[in-house]
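Novice: Input structure: data.txt, which contains compact mmCIF, C-alpha atoms and all ligand atoms.
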# COMPACT_ATOMS: atom_id res chain seq x y z
CA MET A 25 38.68 -56.45 -46.86
CA ARG A 26 36.87 -53.28 -47.91
CA LEU A 27 39.55 -50.94 -49.23
CA LEU A 28 39.62 -47.26 -50.08
CA VAL A 29 42.08 -46.86 -52.96
CA THR A 30 43.06 -43.24 -53.52
CA GLY A 31 44.51 -42.54 -56.96
CA GLY A 32 42.92 -45.69 -58.38
CA ALA A 33 42.29 -43.98 -61.71
CA GLY A 34 46.02 -43.37 -62.16
CA TYR A 35 48.71 -45.52 -63.75
CA VAL A 36 49.84 -47.64 -60.79
CA GLY A 37 46.54 -47.29 -58.90
CA SER A 38 44.39 -48.76 -61.68
CA VAL A 39 46.59 -51.87 -61.80
CA VAL A 40 46.68 -52.14 -58.01
CA ALA A 41 42.87 -51.87 -57.82
CA ARG A 42 42.47 -54.65 -60.38
CA ARG A 43 44.83 -56.92 -58.45
CA LEU A 44 43.15 -56.21 -55.10
CA ARG A 45 39.73 -57.10 -56.56
CA ALA A 46 41.11 -60.26 -58.13
CA ALA A 47 42.30 -61.29 -54.65
CA GLY A 48 38.75 -60.92 -53.34
CA HIS A 49 38.88 -57.45 -51.78
CA GLU A 50 36.19 -54.82 -52.32
CA THR A 51 37.49 -51.51 -53.64
CA VAL A 52 36.20 -47.96 -53.52
CA ILE A 53 38.29 -45.68 -55.70
CA LEU A 54 38.67 -42.06 -54.66
CA ASP A 55 40.28 -39.98 -57.38
CA ASP A 56 39.83 -36.37 -58.48
CA LEU A 57 40.88 -37.29 -62.04
CA SER A 58 43.47 -34.48 -62.00
CA THR A 59 45.95 -36.77 -63.76
CA GLY A 60 44.01 -40.04 -63.74
CA HIS A 61 41.49 -41.32 -66.26
CA ARG A 62 37.89 -42.43 -65.87
CA ALA A 63 38.58 -45.11 -68.48
CA ALA A 64 41.32 -46.61 -66.28
CA VAL A 65 38.71 -47.51 -63.65
CA GLU A 66 37.53 -50.92 -64.75
CA ARG A 67 34.37 -50.90 -62.66
CA PRO A 68 32.81 -47.44 -63.09
CA ASP A 69 30.57 -47.92 -60.03
CA ASP A 70 33.72 -48.13 -57.88
CA LEU A 71 34.75 -44.56 -58.70
CA VAL A 72 34.03 -41.67 -56.37
CA GLN A 73 35.33 -38.50 -58.01
CA GLY A 74 36.73 -36.30 -55.28
CA ASP A 75 39.68 -35.06 -53.29
CA PHE A 76 41.26 -37.34 -50.69
CA GLY A 77 41.87 -34.25 -48.52
CA ASP A 78 38.15 -33.47 -48.35
CA ARG A 79 37.49 -34.43 -44.72
CA LEU A 80 33.70 -34.48 -45.02
CA ARG A 81 33.71 -36.62 -48.13
CA VAL A 82 36.36 -39.00 -46.86
CA GLY A 83 34.72 -39.34 -43.44
CA GLY A 84 31.41 -40.22 -45.10
CA LEU A 85 33.06 -42.82 -47.31
CA LEU A 86 35.05 -44.46 -44.53
CA GLU A 87 31.94 -44.84 -42.42
CA ALA A 88 29.23 -45.56 -45.01
CA ARG A 89 31.37 -48.07 -46.89
CA ARG A 90 32.79 -49.56 -43.67
CA ILE A 91 36.36 -49.32 -44.94
CA ASP A 92 38.96 -51.58 -43.29
CA ALA A 93 42.15 -50.10 -44.79
CA VAL A 94 43.31 -47.30 -47.07
CA VAL A 95 45.70 -47.82 -49.98
CA HIS A 96 47.02 -44.34 -50.72
CA LEU A 97 48.43 -43.93 -54.20
CA ALA A 98 47.06 -40.47 -55.01
CA ALA A 99 49.71 -37.78 -55.19
CA SER A 100 51.29 -35.16 -57.36
CA CYS A 101 54.35 -36.85 -58.78
CA LEU A 102 56.26 -34.76 -61.30
CA VAL A 103 59.75 -33.96 -60.04
CA GLY A 104 60.22 -30.87 -62.25
CA GLU A 105 56.82 -29.46 -61.33
CA SER A 106 57.64 -29.95 -57.64
CA VAL A 107 60.83 -27.92 -58.03
CA ALA A 108 58.90 -25.11 -59.75
CA ASP A 109 55.94 -25.12 -57.33
CA PRO A 110 56.90 -26.75 -54.03
CA ALA A 111 53.87 -25.42 -52.12
CA ALA A 112 51.47 -27.31 -54.40
CA TYR A 113 53.36 -30.52 -53.58
CA TYR A 114 53.44 -30.01 -49.81
CA ARG A 115 49.72 -29.18 -49.98
CA ASN A 116 48.65 -32.19 -52.02
CA ASN A 117 51.06 -34.85 -50.84
CA LEU A 118 51.47 -33.84 -47.21
CA GLU A 119 48.70 -31.53 -45.97
CA ARG A 120 45.86 -33.42 -47.67
CA SER A 121 47.34 -36.76 -46.63
CA LEU A 122 47.37 -35.59 -43.00
CA ALA A 123 43.70 -34.66 -43.35
CA LEU A 124 43.04 -38.17 -44.69
CA LEU A 125 44.91 -39.74 -41.77
CA ASP A 126 42.98 -37.66 -39.25
CA ARG A 127 39.66 -38.76 -40.71
CA MET A 128 40.87 -42.35 -40.68
CA ARG A 129 41.76 -42.04 -37.03
CA GLN A 130 38.36 -40.59 -36.18
CA ALA A 131 36.66 -43.44 -38.06
CA GLY A 132 38.87 -46.06 -36.38
CA VAL A 133 40.47 -47.11 -39.69
CA LEU A 134 44.06 -47.86 -38.69
CA ARG A 135 45.61 -49.68 -41.64
CA PHE A 136 47.40 -47.76 -44.35
CA VAL A 137 49.54 -48.62 -47.37
CA LEU A 138 51.47 -45.71 -48.88
CA SER A 139 52.98 -45.34 -52.35
CA SER A 140 56.36 -43.90 -51.52
CA THR A 141 59.33 -43.52 -53.80
CA ALA A 142 63.05 -43.97 -54.37
CA ALA A 143 63.14 -40.16 -54.49
CA VAL A 144 63.26 -40.19 -50.66
CA TYR A 145 66.96 -41.14 -50.92
CA GLY A 146 68.32 -38.41 -53.21
CA GLU A 147 71.82 -38.78 -54.63
CA PRO A 148 72.98 -42.28 -53.62
CA ALA A 149 75.95 -42.63 -51.29
CA ALA A 150 76.16 -46.39 -51.91
CA LEU A 151 74.62 -48.89 -54.34
CA PRO A 152 72.37 -50.82 -54.33
CA ILE A 153 70.19 -48.63 -52.13
CA ASP A 154 68.67 -50.38 -49.15
CA GLU A 155 66.23 -48.94 -46.63
CA ASP A 156 69.03 -47.96 -44.24
CA HIS A 157 70.55 -45.67 -46.86
CA PRO A 158 70.45 -41.99 -45.76
CA THR A 159 67.33 -40.13 -46.88
CA ARG A 160 68.25 -36.77 -48.41
CA PRO A 161 65.65 -36.00 -51.09
CA ALA A 162 66.95 -33.88 -53.97
CA ASN A 163 63.57 -32.36 -54.81
CA PRO A 164 60.30 -31.33 -53.08
CA TYR A 165 58.45 -34.36 -54.49
CA GLY A 166 60.75 -36.79 -52.65
CA ASP A 167 60.71 -34.58 -49.57
CA THR A 168 56.89 -34.60 -49.35
CA LYS A 169 56.89 -38.41 -49.46
CA LEU A 170 59.60 -38.64 -46.81
CA ALA A 171 57.77 -36.13 -44.59
CA LEU A 172 54.62 -38.23 -44.89
CA GLU A 173 56.52 -41.41 -44.00
CA ARG A 174 57.90 -39.63 -40.94
CA ALA A 175 54.44 -38.47 -39.92
CA LEU A 176 53.24 -42.07 -40.26
CA HIS A 177 55.83 -43.23 -37.75
CA TRP A 178 54.51 -40.72 -35.22
CA TYR A 179 50.88 -41.63 -35.95
CA HIS A 180 51.90 -45.23 -35.37
CA ALA A 181 53.44 -44.35 -32.00
CA ALA A 182 50.61 -42.07 -30.91
CA HIS A 183 47.51 -43.73 -32.35
CA GLY A 184 48.49 -47.29 -33.22
CA LEU A 185 48.22 -46.67 -36.96
CA ARG A 186 49.67 -49.66 -38.82
CA PHE A 187 51.33 -48.76 -42.07
CA VAL A 188 53.53 -50.07 -44.84
CA ALA A 189 55.28 -47.54 -47.09
CA LEU A 190 56.31 -49.02 -50.44
CA ARG A 191 59.21 -47.15 -51.99
CA TYR A 192 58.87 -47.86 -55.69
CA PHE A 193 61.84 -47.40 -57.95
CA ASN A 194 60.84 -46.80 -61.63
CA ALA A 195 57.39 -48.23 -62.32
CA ALA A 196 57.12 -49.49 -65.89
CA GLY A 197 55.06 -51.74 -68.13
CA ALA A 198 51.34 -52.40 -68.41
CA THR A 199 48.95 -55.19 -67.53
CA SER A 200 49.72 -58.29 -69.56
CA ASP A 201 46.43 -57.98 -71.50
CA GLY A 202 47.40 -54.43 -72.57
CA ALA A 203 44.25 -52.96 -70.96
CA LEU A 204 45.82 -50.76 -68.24
CA GLY A 205 49.01 -48.79 -68.67
CA GLU A 206 50.78 -45.49 -68.46
CA ASP A 207 49.17 -42.33 -69.84
CA HIS A 208 50.59 -39.26 -68.08
CA ARG A 209 50.21 -35.83 -69.66
CA PRO A 210 52.84 -34.56 -69.88
CA GLU A 211 54.74 -37.84 -69.82
CA SER A 212 58.07 -37.56 -68.03
CA HIS A 213 58.88 -41.29 -67.85
CA LEU A 214 61.40 -42.85 -70.18
CA VAL A 215 59.66 -46.09 -71.17
CA PRO A 216 56.41 -44.62 -72.54
CA ASN A 217 58.34 -41.81 -74.22
CA VAL A 218 60.73 -44.21 -75.93
CA LEU A 219 57.87 -46.39 -77.14
CA ARG A 220 55.93 -43.38 -78.37
CA ALA A 221 59.02 -42.39 -80.35
CA ALA A 222 58.92 -45.87 -81.91
CA LEU A 223 55.29 -45.25 -82.85
CA THR A 224 55.61 -41.70 -84.18
CA GLY A 225 59.23 -41.43 -85.32
CA GLU A 226 59.66 -38.26 -83.19
CA PRO A 227 63.12 -38.25 -81.55
CA VAL A 228 63.24 -39.04 -77.85
CA PRO A 229 65.36 -36.66 -75.70
CA ILE A 230 68.28 -38.13 -73.75
CA PHE A 231 68.59 -36.07 -70.58
CA GLY A 232 72.31 -36.13 -69.84
CA SER A 233 75.07 -38.21 -71.40
CA ASP A 234 77.87 -37.19 -69.02
CA TYR A 235 76.89 -39.15 -65.93
CA PRO A 236 79.55 -41.35 -64.30
CA THR A 237 77.89 -44.49 -65.72
CA PRO A 238 79.29 -46.97 -68.30
CA ASP A 239 77.68 -45.20 -71.29
CA GLY A 240 77.21 -41.77 -69.68
CA THR A 241 73.39 -41.95 -69.51
CA ALA A 242 71.31 -42.30 -66.34
CA VAL A 243 70.78 -45.76 -64.89
CA ARG A 244 67.47 -46.78 -63.29
CA ASP A 245 65.84 -49.86 -61.78
CA TYR A 246 62.64 -50.66 -63.70
CA VAL A 247 59.98 -52.60 -61.83
CA HIS A 248 56.85 -53.93 -63.50
CA VAL A 249 53.57 -52.37 -62.46
CA GLU A 250 51.96 -55.79 -61.88
CA ASP A 251 54.82 -56.69 -59.54
CA LEU A 252 54.16 -53.45 -57.67
CA ALA A 253 50.48 -54.39 -57.44
CA GLU A 254 51.43 -57.75 -55.95
CA ALA A 255 53.45 -55.99 -53.24
CA HIS A 256 50.33 -54.08 -52.13
CA LEU A 257 48.57 -57.36 -51.46
CA ALA A 258 51.57 -58.56 -49.48
CA ALA A 259 51.57 -55.28 -47.54
CA LEU A 260 47.91 -55.71 -46.59
CA ARG A 261 48.62 -59.24 -45.40
CA ARG A 262 51.48 -57.88 -43.35
CA LEU A 263 49.16 -55.35 -41.70
CA GLU A 264 46.81 -58.13 -40.66
CA SER A 265 49.54 -59.99 -38.84
CA ARG A 266 51.79 -57.23 -37.51
CA ALA A 267 51.18 -53.93 -35.82
CA ALA A 268 54.29 -52.39 -37.28
CA GLY A 269 55.09 -49.29 -39.31
CA GLU A 270 57.62 -50.17 -41.99
CA SER A 271 59.12 -49.04 -45.29
CA PHE A 272 60.19 -51.33 -48.13
CA ASN A 273 62.03 -50.74 -51.38
CA LEU A 274 60.50 -52.24 -54.52
CA GLY A 275 62.86 -52.76 -57.43
CA ASN A 276 64.47 -55.55 -59.42
CA GLY A 277 67.99 -54.84 -58.25
CA HIS A 278 69.25 -54.35 -61.83
CA GLY A 279 70.12 -51.02 -63.40
CA PHE A 280 69.57 -50.18 -67.06
CA SER A 281 70.89 -47.06 -68.74
CA VAL A 282 68.78 -44.83 -70.98
CA LEU A 283 70.68 -46.17 -74.00
CA GLN A 284 70.05 -49.77 -72.92
CA VAL A 285 66.33 -49.05 -72.58
CA ILE A 286 66.29 -47.54 -76.08
CA GLU A 287 68.21 -50.48 -77.54
CA THR A 288 65.81 -52.94 -75.89
CA ALA A 289 62.85 -50.94 -77.19
CA ARG A 290 64.26 -51.11 -80.74
CA ARG A 291 64.42 -54.88 -80.41
CA VAL A 292 60.94 -55.25 -78.87
CA THR A 293 59.19 -52.95 -81.36
CA GLY A 294 61.31 -53.79 -84.40
CA ARG A 295 61.37 -50.06 -85.20
CA PRO A 296 64.08 -47.42 -85.33
CA ILE A 297 63.97 -44.99 -82.42
CA PRO A 298 65.51 -41.62 -83.17
CA VAL A 299 67.16 -39.81 -80.26
CA ARG A 300 68.21 -36.24 -79.54
CA PRO A 301 70.72 -35.19 -76.88
CA ALA A 302 69.42 -32.91 -74.14
CA GLY A 303 70.95 -31.58 -70.90
CA ARG A 304 70.61 -33.21 -67.51
CA ARG A 305 67.37 -32.52 -65.64
CA PRO A 306 67.96 -30.86 -62.24
CA GLY A 307 67.62 -33.29 -59.33
CA ASP A 308 68.13 -36.40 -61.52
CA PRO A 309 70.76 -38.69 -59.92
CA GLY A 310 73.09 -40.70 -62.20
CA THR A 311 72.23 -44.14 -60.86
CA LEU A 312 69.35 -45.50 -58.78
CA VAL A 313 69.28 -49.23 -58.15
CA ALA A 314 67.34 -50.87 -55.34
CA SER A 315 68.14 -53.54 -52.89
CA ALA A 316 64.68 -55.02 -52.31
CA GLN A 317 65.99 -57.77 -50.06
CA ARG A 318 63.84 -56.58 -47.17
CA ALA A 319 60.62 -56.84 -49.23
CA ARG A 320 61.66 -60.26 -50.47
CA ARG A 321 62.46 -61.48 -46.99
CA GLU A 322 59.73 -59.83 -44.93
CA LEU A 323 56.85 -59.57 -47.42
CA GLY A 324 57.67 -62.69 -49.43
CA TRP A 325 57.66 -60.44 -52.52
CA ALA A 326 59.27 -61.91 -55.64
CA PRO A 327 58.95 -59.83 -58.83
CA ARG A 328 57.96 -61.91 -61.88
CA PHE A 329 59.28 -59.45 -64.47
CA ALA A 330 63.05 -59.32 -64.13
CA GLU A 331 63.69 -58.95 -67.88
CA LEU A 332 63.58 -55.42 -69.25
CA GLY A 333 62.42 -56.75 -72.64
CA ALA A 334 59.41 -58.47 -71.03
CA ILE A 335 58.48 -55.26 -69.21
CA LEU A 336 58.70 -53.23 -72.43
CA GLU A 337 56.61 -55.77 -74.35
CA THR A 338 53.65 -55.16 -72.05
CA ALA A 339 54.02 -51.37 -72.34
CA TRP A 340 54.23 -51.69 -76.14
CA ARG A 341 51.04 -53.78 -76.20
CA PHE A 342 49.24 -51.09 -74.18
CA LEU A 343 50.47 -48.33 -76.49
CA ARG A 344 49.38 -50.17 -79.63
CA GLN A 345 45.95 -50.75 -78.11
CA HIS A 346 45.74 -47.10 -76.96
CA PRO A 347 47.75 -45.03 -79.47
CA ASP A 348 45.98 -41.86 -78.28
CA GLY A 349 45.99 -42.87 -74.64
CA TYR A 350 42.81 -43.52 -72.70
CA SER A 351 40.92 -40.85 -74.63
CA ALA A 352 40.83 -43.10 -77.69
N1 LIG A 401 55.14 -44.10 -61.61
C1 LIG A 401 56.28 -44.27 -60.94
O1 LIG A 401 57.34 -44.62 -61.51
C2 LIG A 401 56.32 -44.05 -59.46
C3 LIG A 401 57.54 -44.24 -58.80
C4 LIG A 401 57.58 -44.04 -57.41
C5 LIG A 401 56.44 -43.69 -56.72
N2 LIG A 401 55.27 -43.50 -57.39
C6 LIG A 401 54.08 -43.12 -56.61
O2 LIG A 401 53.01 -43.95 -56.99
C7 LIG A 401 51.78 -43.24 -56.94
C8 LIG A 401 51.05 -43.39 -58.25
O3 LIG A 401 51.86 -42.86 -59.30
P1 LIG A 401 51.36 -42.88 -60.81
O4 LIG A 401 52.54 -42.92 -61.68
O5 LIG A 401 50.30 -43.90 -60.94
O6 LIG A 401 50.72 -41.43 -60.91
P2 LIG A 401 49.34 -40.95 -61.57
O7 LIG A 401 49.43 -39.48 -61.73
O8 LIG A 401 49.02 -41.78 -62.76
O9 LIG A 401 48.30 -41.31 -60.42
C9 LIG A 401 48.01 -40.45 -59.34
C10 LIG A 401 46.49 -40.40 -59.19
O10 LIG A 401 46.16 -39.60 -58.06
C11 LIG A 401 45.08 -38.76 -58.40
N3 LIG A 401 45.14 -37.60 -57.48
C12 LIG A 401 46.16 -36.71 -57.34
N4 LIG A 401 45.84 -35.81 -56.37
C13 LIG A 401 44.62 -36.17 -55.89
C14 LIG A 401 43.76 -35.64 -54.87
N5 LIG A 401 44.10 -34.56 -54.14
N6 LIG A 401 42.57 -36.27 -54.62
C15 LIG A 401 42.23 -37.37 -55.34
N7 LIG A 401 42.98 -37.91 -56.32
C16 LIG A 401 44.17 -37.30 -56.58
C17 LIG A 401 45.28 -38.43 -59.86
O11 LIG A 401 44.09 -38.02 -60.53
C18 LIG A 401 45.80 -39.77 -60.40
O12 LIG A 401 44.74 -40.61 -60.82
C19 LIG A 401 52.13 -41.80 -56.56
O13 LIG A 401 51.93 -41.65 -55.18
C20 LIG A 401 53.61 -41.71 -56.90
O14 LIG A 401 54.26 -40.76 -56.09
C21 LIG A 401 55.18 -43.67 -58.74
Starting from the file, give its structure as structure tokens.
Ligand SMILES: NC(=O)c1ccc[n+]([C@@H]2O[C@H](COP(=O)([O-])OP(=O)(O)OC[C@H]3O[C@@H](n4cnc5c(N)ncnc54)[C@H](O)[C@@H]3O)[C@@H](O)[C@H]2O)c1
Specialist:
Amino acid sequence: MRLLVTGGAGYVGSVVARRLRAAGHETVILDDLSTGHRAAVERPDDLVQGDFGDRLRVGGLLEARRIDAVVHLAASCLVGESVADPAAYYRNNLERSLALLDRMRQAGVLRFVLSSTAAVYGEPAALPIDEDHPTRPANPYGDTKLALERALHWYHAAHGLRFVALRYFNAAGATSDGALGEDHRPESHLVPNVLRAALTGEPVPIFGSDYPTPDGTAVRDYVHVEDLAEAHLAALRRLESRAAGESFNLGNGHGFSVLQVIETARRVTGRPIPVRPAGRRPGDPGTLVASAQRARRELGWAPRFAELGAILETAWRFLRQHPDGYSA
């Protein structure tokens, strides 16, 4: 298929684009490089630098490149920033995505894979979280993704748009060759911050140690970025065979606390990792663990990286190859 991959210069998008090409698809990457990196696009000719909400630009691309489906990873995705500036999040993640969908509809492109998030659920009422769990986002970021999923259901009903929304839990790790990995600025994710602390000796903050978890620190479900990429392929296959609009959780089904991640990182890197206590971050639930049974059953998705240590090893390889990030 010929695929438009928005956000393909970002962390998850760069790995997804590589996997889609390896499976024989053609990719056009649309990214404004607001948080992504030119160097994360492995085939520079694939990159179109621009805004996915730019109707003229997107319309031209869909038609000239005869796009069959859109894989939509581009978004603003910092929880704290979304709390401070909700309008920017509704504009980028919702309003611009609706513009993209309208242009798709006009061009007759009716297949769509969305990067959604565990943040659509909010504070869990039951664990593990399956797709029938109530959706009560605790921050604007999660709410914009949920609103977009809802809009997709109505586009499906009204216009026959086929979509799969993939609700990632915590993406982590890097490609096994260490070439593509996580380089957010600022970095709000635990794994890269812990590994950077191993590299620099700067203490890593622990946001909250009074959660109702076994060691008091927050528990998350870490899923390897290459496993996420694999799910996008499965989603595209699903869209070829079914006209449905569906959402799937993607996680390993195991929770690890902040302290467990740090302990594993000490083992993987062989270095001491200093820590400093810090308060809870607003909107951060104590525990988020996925049930991804639906993705396993319906998409045939089976994550290869179940071991936290194996996930961290790939991220550590990326960091050692890119100690200054992609700018190096
Ligand atoms: N990283 C995670 O743990 C995680 C978890 C759940 C969901 N997600 C979702 O996965 C997707 C990718 O996340 P990521 O961690 O790779 O983030 P990222 O910031 O690395 O990638 C997002 C990309 O989108 C681009 N972008 C943003 N707005 C754009 C616009 N208007 N036009 C064109 N390009 C634009 C950025 O330049 C960047 O390259 C996001 O939709 C995010 O919400 C990520």
Novice: Could you tell me, counting only C-alpha atoms and all ligand atoms, which protein and nucleic acid residues lie no more than 7 Å from ligand LIG 401 (chain A), written as a PyMOL selection string?
Specialist: chain A and resi 30-37+54-61+74-77+97-101+116+120+139-142+191-196+208
Novice: Fewer than 3 positions away in the same chain doesn't count, so skip those; otherwise give me all residues within 12 Å of His346 of chain A, counting all atoms listed in the file, as a ChimeraX atom specification.
Specialist: /A:63-64,198,202-207,216,220,223,339-343,349-352
Novice: Could you tell me, as a list in words, which residues have any atom at most 10 Å from (52.5, -30.2, -52.0), counting all atoms listed in the file?
Specialist: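 It turns out the residues near that spot are Ala99, Ser100, Cys101, Ser106, Asp109, Pro110, Ala111, Ala112, Tyr113, Tyr114, Arg115, Asn116, Asn117, Leu118, Glu119, Arg120, Ser121, Pro164, Tyr165, Asp167, Thr168 and Lys169 of chain A.
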Novice: With all atoms listed in the file as the atoms that count, which of A:Val243, A:Val285, A:Leu263, A:Leu102 lies nearest to Arg135 of chain A?
Specialist: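 Checking each of A:Val243, A:Val285, A:Leu263, A:Leu102 against Arg135 of chain A, counting all atoms listed in the file, the winner is A:Leu263.
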Novice: To one decimal place, how far is atom CA of Leu124 of chain A from atom CA of Leu138 of chain A in Å?
Specialist: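 Result for atom CA of Leu124 of chain A versus atom CA of Leu138 of chain A: 12.1 Å, one decimal.
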Novice: Show which residues sit within 12 Å of Thr224 of chain A, as a ChimeraX atom specification. Count only C-alpha atoms, and ignore same-chain residues fewer than 6 positions away.
Specialist: /A:217-218,295-298,343-344,347-348
Novice: Export, as a PDB file, in the coordinates of the input, the selected residues with C-alpha atoms.
Specialist:
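Once everything was written out, this is out37.pdb:
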ATOM      1  CA  ASN A 217      58.340 -41.810 -74.220  1.00  0.00           C
ATOM      2  CA  VAL A 218      60.730 -44.210 -75.930  1.00  0.00           C
ATOM      3  CA  ARG A 295      61.370 -50.060 -85.200  1.00  0.00           C
ATOM      4  CA  PRO A 296      64.080 -47.420 -85.330  1.00  0.00           C
ATOM      5  CA  ILE A 297      63.970 -44.990 -82.420  1.00  0.00           C
ATOM      6  CA  PRO A 298      65.510 -41.620 -83.170  1.00  0.00           C
ATOM      7  CA  LEU A 343      50.470 -48.330 -76.490  1.00  0.00           C
ATOM      8  CA  ARG A 344      49.380 -50.170 -79.630  1.00  0.00           C
ATOM      9  CA  PRO A 347      47.750 -45.030 -79.470  1.00  0.00           C
ATOM     10  CA  ASP A 348      45.980 -41.860 -78.280  1.00  0.00           C
TER      11      ASP A 348
END
Novice: Work out how far atom CA of Glu264 of chain A is from atom CA of Asp156 of chain A, in Å to one decimal.
Specialist: 24.7 Å
Novice: Kindly give the distance, in Å, that separates atom CA of Val215 of chain A and atom CA of Gly197 of chain A, rounded to a single decimal.
Specialist: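 Interatomic distance, atom CA of Val215 of chain A to atom CA of Gly197 of chain A: 7.9 Å.
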Novice: Which residue is closest to Gly307 of chain A? Choose from A:Gly269, A:Gly279, A:Pro238, A:Pro161 and count only C-alpha atoms.
Specialist: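 Of A:Gly269, A:Gly279, A:Pro238, A:Pro161, the one nearest Gly307 of chain A is A:Pro161, counting only C-alpha atoms.
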Novice: Could you pull the residues within 7 Å of segment 245-254 of chain A, counting only C-alpha atoms, minus those fewer than 2 positions along the same chain, as a list in words?
Specialist: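 These residues fall inside the cut-off: Val36, Val39, Val40, Arg43, Phe193, Asn194, Ala195, Ala196, Gly197, Ala198, Thr199, His256, Leu257, Ala258, Gly275, Asn276, Gly277, His278, Gly279, Phe280, Leu312, Val313, Ala314, Pro327, Arg328, Phe329 and Ile335 of chain A.
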Novice: Got a sec to check which residues sit within 9 Å of (39.2, -39.1, -41.3), counting all atoms listed in the file, and write them as a PyMOL selection string?
Specialist: chain A and resi 79-80+82-84+86+123-133
Novice: Considering all atoms listed in the file, state which residue in the set A:Val65, A:Leu219, A:Arg89, A:Pro227 is at the smallest distance from Gly294 of chain A.
Specialist: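 Closest to Gly294 of chain A, using all atoms listed in the file: A:Leu219.
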Novice: Restricting the calculation to only C-alpha atoms: of A:Ala181, A:Ala93, A:Val188, A:Ala143, which residue gets closest to Glu270 of chain A?
Specialist: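 Nearest to Glu270 of chain A: A:Val188.
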Novice: Please put the answer as lines of an AutoDock Vina configuration file: centre and edge lengths, in Å with one decimal, of a box along x, y and z that encloses all listed atoms of segment 305-313 of chain A plus 5 Å on each side.
Specialist:
center_x = 70.2
center_y = -40.0
center_z = -61.9
size_x = 15.7
size_y = 28.4
size_z = 17.5
Novice: Smallest atom-to-atom distance to Gln317 of chain A: which of A:Asn273, A:Ser212, A:Thr51, A:Ser281, using all atoms listed in the file?
Specialist: A:Asn273
Novice: With N, CA, C and O atoms as the target, complete segment 264-275 of chain A and hand it back as a PDB file, keeping the file's coordinate frame.
Specialist:
ATOM      1  N   GLU A 264      47.722 -57.284 -41.434  1.00  0.00           N
ATOM      2  CA  GLU A 264      46.810 -58.130 -40.660  1.00  0.00           C
ATOM      3  C   GLU A 264      47.548 -58.839 -39.539  1.00  0.00           C
ATOM      4  O   GLU A 264      46.995 -59.112 -38.490  1.00  0.00           O
ATOM      5  N   SER A 265      48.832 -59.152 -39.809  1.00  0.00           N
ATOM      6  CA  SER A 265      49.540 -59.990 -38.840  1.00  0.00           C
ATOM      7  C   SER A 265      50.473 -59.206 -37.934  1.00  0.00           C
ATOM      8  O   SER A 265      50.871 -59.696 -36.894  1.00  0.00           O
ATOM      9  N   ARG A 266      50.831 -57.990 -38.321  1.00  0.00           N
ATOM     10  CA  ARG A 266      51.790 -57.230 -37.510  1.00  0.00           C
ATOM     11  C   ARG A 266      51.315 -55.811 -37.293  1.00  0.00           C
ATOM     12  O   ARG A 266      50.728 -55.215 -38.183  1.00  0.00           O
ATOM     13  N   ALA A 267      51.633 -55.275 -36.147  1.00  0.00           N
ATOM     14  CA  ALA A 267      51.180 -53.930 -35.820  1.00  0.00           C
ATOM     15  C   ALA A 267      52.237 -52.880 -36.166  1.00  0.00           C
ATOM     16  O   ALA A 267      52.263 -51.803 -35.622  1.00  0.00           O
ATOM     17  N   ALA A 268      53.119 -53.231 -37.076  1.00  0.00           N
ATOM     18  CA  ALA A 268      54.290 -52.390 -37.280  1.00  0.00           C
ATOM     19  C   ALA A 268      54.047 -51.233 -38.247  1.00  0.00           C
ATOM     20  O   ALA A 268      53.051 -51.185 -38.946  1.00  0.00           O
ATOM     21  N   GLY A 269      55.017 -50.317 -38.282  1.00  0.00           N
ATOM     22  CA  GLY A 269      55.090 -49.290 -39.310  1.00  0.00           C
ATOM     23  C   GLY A 269      56.418 -49.456 -40.009  1.00  0.00           C
ATOM     24  O   GLY A 269      57.472 -49.350 -39.375  1.00  0.00           O
ATOM     25  N   GLU A 270      56.375 -49.784 -41.302  1.00  0.00           N
ATOM     26  CA  GLU A 270      57.620 -50.170 -41.990  1.00  0.00           C
ATOM     27  C   GLU A 270      57.676 -49.603 -43.398  1.00  0.00           C
ATOM     28  O   GLU A 270      56.643 -49.385 -44.029  1.00  0.00           O
ATOM     29  N   SER A 271      58.902 -49.479 -43.901  1.00  0.00           N
ATOM     30  CA  SER A 271      59.120 -49.040 -45.290  1.00  0.00           C
ATOM     31  C   SER A 271      59.895 -50.109 -46.040  1.00  0.00           C
ATOM     32  O   SER A 271      60.811 -50.725 -45.478  1.00  0.00           O
ATOM     33  N   PHE A 272      59.526 -50.316 -47.299  1.00  0.00           N
ATOM     34  CA  PHE A 272      60.190 -51.330 -48.130  1.00  0.00           C
ATOM     35  C   PHE A 272      60.504 -50.768 -49.505  1.00  0.00           C
ATOM     36  O   PHE A 272      59.636 -50.155 -50.140  1.00  0.00           O
ATOM     37  N   ASN A 273      61.701 -51.047 -49.989  1.00  0.00           N
ATOM     38  CA  ASN A 273      62.030 -50.740 -51.380  1.00  0.00           C
ATOM     39  C   ASN A 273      61.405 -51.771 -52.305  1.00  0.00           C
ATOM     40  O   ASN A 273      61.375 -52.970 -51.990  1.00  0.00           O
ATOM     41  N   LEU A 274      60.973 -51.314 -53.488  1.00  0.00           N
ATOM     42  CA  LEU A 274      60.500 -52.240 -54.520  1.00  0.00           C
ATOM     43  C   LEU A 274      61.241 -51.952 -55.820  1.00  0.00           C
ATOM     44  O   LEU A 274      61.048 -50.901 -56.450  1.00  0.00           O
ATOM     45  N   GLY A 275      62.114 -52.883 -56.177  1.00  0.00           N
ATOM     46  CA  GLY A 275      62.860 -52.760 -57.430  1.00  0.00           C
ATOM     47  C   GLY A 275      63.380 -54.129 -57.784  1.00  0.00           C
ATOM     48  O   GLY A 275      63.275 -55.076 -56.988  1.00  0.00           O
TER      49      GLY A 275
END
